[in-house]
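What follows is a set of notes on a single structure, which appears directly below.
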Amino acid sequence: MTLIVADYLAMLTCELTGQSYNKAVHRRHLLAAHAWASEQALEFKHANISAVMLELGFPYLRATGRVATFSVVG
């Protein structure tokens, strides 16, 4: 999970600083590192990370196409 979050933050940094990045290349590298993961699983994790970032008031990666929603119970 640490690699996925680090990769997400690297893409977010590129997006926020106006640098180009290729999400497909990032996805292929993550899939190579995690043979158990699927493209759909990575997209779901990216959407979840975006949801947490949004909830905390931080910028989030808009290239994910969707943001999961959640409720904090406590």
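All residue names refer to the structure tokens as shown: chains lettered A, B, ... in order, residues numbered from 1 in each chain, ligands numbered from 1 in order.
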
Chain A: residues DSSP assigns to helix (DSSP H, G or I), reported as a PyMOL selection string: chain A and resi 2-16+23-33+39-55+62-64

Distance query A:Glu39 at most 10 Å, only C-alpha atoms, self and fewer than 4 positions along chain excluded, as a PyMOL selection string: chain A and resi 24+27-28+30-31+43-45

Okay, now the selection with all heavy atoms, as an mmCIF file, in the first residue's frame?
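Written file, result-v8.cif:
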```
data_model
loop_
_atom_site.group_PDB
_atom_site.id
_atom_site.type_symbol
_atom_site.label_atom_id
_atom_site.label_comp_id
_atom_site.auth_asym_id
_atom_site.auth_seq_id
_atom_site.Cartn_x
_atom_site.Cartn_y
_atom_site.Cartn_z
ATOM 1 N N ALA A 24 -0.841 5.736 -17.187
ATOM 2 C CA ALA A 24 -0.727 4.341 -17.629
ATOM 3 C C ALA A 24 0.654 3.772 -17.298
ATOM 4 O O ALA A 24 0.768 2.612 -16.896
ATOM 5 C CB ALA A 24 -1.006 4.230 -19.117
ATOM 6 N N ARG A 27 0.708 3.100 -13.644
ATOM 7 C CA ARG A 27 -0.101 1.909 -13.365
ATOM 8 C C ARG A 27 0.676 0.634 -13.718
ATOM 9 O O ARG A 27 0.689 -0.317 -12.946
ATOM 10 C CB ARG A 27 -1.418 1.978 -14.134
ATOM 11 C CG ARG A 27 -2.367 0.853 -13.829
ATOM 12 C CD ARG A 27 -3.736 1.027 -14.469
ATOM 13 N NE ARG A 27 -3.658 1.306 -15.893
ATOM 14 C CZ ARG A 27 -4.034 2.462 -16.454
ATOM 15 N NH1 ARG A 27 -4.505 3.447 -15.723
ATOM 16 N NH2 ARG A 27 -3.952 2.629 -17.762
ATOM 17 N N ARG A 28 1.344 0.621 -14.878
ATOM 18 C CA ARG A 28 2.117 -0.555 -15.279
ATOM 19 C C ARG A 28 3.238 -0.849 -14.284
ATOM 20 O O ARG A 28 3.494 -2.019 -13.955
ATOM 21 C CB ARG A 28 2.682 -0.379 -16.687
ATOM 22 C CG ARG A 28 1.654 -0.608 -17.771
ATOM 23 C CD ARG A 28 2.302 -0.737 -19.135
ATOM 24 N NE ARG A 28 2.919 0.503 -19.604
ATOM 25 C CZ ARG A 28 2.295 1.450 -20.289
ATOM 26 N NH1 ARG A 28 1.020 1.326 -20.595
ATOM 27 N NH2 ARG A 28 2.941 2.530 -20.675
ATOM 28 N N LEU A 30 3.253 -0.096 -11.078
ATOM 29 C CA LEU A 30 2.648 -0.628 -9.857
ATOM 30 C C LEU A 30 2.181 -2.068 -10.056
ATOM 31 O O LEU A 30 2.350 -2.910 -9.173
ATOM 32 C CB LEU A 30 1.468 0.238 -9.418
ATOM 33 C CG LEU A 30 1.834 1.570 -8.787
ATOM 34 C CD1 LEU A 30 0.579 2.397 -8.544
ATOM 35 C CD2 LEU A 30 2.599 1.379 -7.492
ATOM 36 N N LEU A 31 1.608 -2.358 -11.209
ATOM 37 C CA LEU A 31 1.151 -3.724 -11.483
ATOM 38 C C LEU A 31 2.326 -4.695 -11.525
ATOM 39 O O LEU A 31 2.219 -5.837 -11.083
ATOM 40 C CB LEU A 31 0.355 -3.778 -12.785
ATOM 41 C CG LEU A 31 -1.027 -3.135 -12.724
ATOM 42 C CD1 LEU A 31 -1.647 -3.069 -14.114
ATOM 43 C CD2 LEU A 31 -1.935 -3.873 -11.762
ATOM 44 N N GLU A 43 -7.245 1.458 -9.565
ATOM 45 C CA GLU A 43 -8.151 2.595 -9.747
ATOM 46 C C GLU A 43 -9.004 2.812 -8.491
ATOM 47 O O GLU A 43 -9.233 3.947 -8.077
ATOM 48 C CB GLU A 43 -9.052 2.384 -10.965
ATOM 49 C CG GLU A 43 -8.335 2.552 -12.282
ATOM 50 C CD GLU A 43 -7.764 3.955 -12.477
ATOM 51 O OE1 GLU A 43 -8.419 4.947 -12.099
ATOM 52 O OE2 GLU A 43 -6.654 4.057 -13.013
ATOM 53 N N PHE A 44 -9.469 1.724 -7.906
ATOM 54 C CA PHE A 44 -10.272 1.813 -6.686
ATOM 55 C C PHE A 44 -9.445 2.408 -5.547
ATOM 56 O O PHE A 44 -9.916 3.280 -4.819
ATOM 57 C CB PHE A 44 -10.795 0.423 -6.319
ATOM 58 C CG PHE A 44 -11.765 0.427 -5.187
ATOM 59 C CD1 PHE A 44 -13.074 0.871 -5.360
ATOM 60 C CD2 PHE A 44 -11.384 -0.025 -3.935
ATOM 61 C CE1 PHE A 44 -13.966 0.882 -4.314
ATOM 62 C CE2 PHE A 44 -12.271 -0.026 -2.876
ATOM 63 C CZ PHE A 44 -13.570 0.431 -3.057
ATOM 64 N N LYS A 45 -8.207 1.960 -5.418
ATOM 65 C CA LYS A 45 -7.333 2.503 -4.369
ATOM 66 C C LYS A 45 -7.047 3.986 -4.607
ATOM 67 O O LYS A 45 -7.070 4.779 -3.662
ATOM 68 C CB LYS A 45 -6.037 1.704 -4.287
ATOM 69 C CG LYS A 45 -6.227 0.310 -3.712
ATOM 70 C CD LYS A 45 -4.938 -0.449 -3.655
ATOM 71 C CE LYS A 45 -5.082 -1.898 -3.287
ATOM 72 N NZ LYS A 45 -6.112 -2.296 -2.395
#
```

Between atom CA of A:Thr13 and atom CA of A:Ala37 - distance in Å to one decimal: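 Atom-to-atom, atom CA of A:Ala37 to atom CA of A:Thr13, that is 23.7 Å.
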
Near-stretch 19-23 of chain A list (10 Å; only C-alpha atoms; drop same-chain fewer than 4 positions) as a ChimeraX atom specification: /A:7-8,10-15,27-29,63-64

Interatomic distance, atom CA of A:His46 to atom CA of A:Ala32 (Å, one decimal):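 Here the two named atoms are 16.7 Å from each other.
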
d(atom CA of A:Tyr60, atom CA of A:Asn48) in Å: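 Answer for the atom CA of A:Tyr60 to atom CA of A:Asn48 separation: 10.5 Å.
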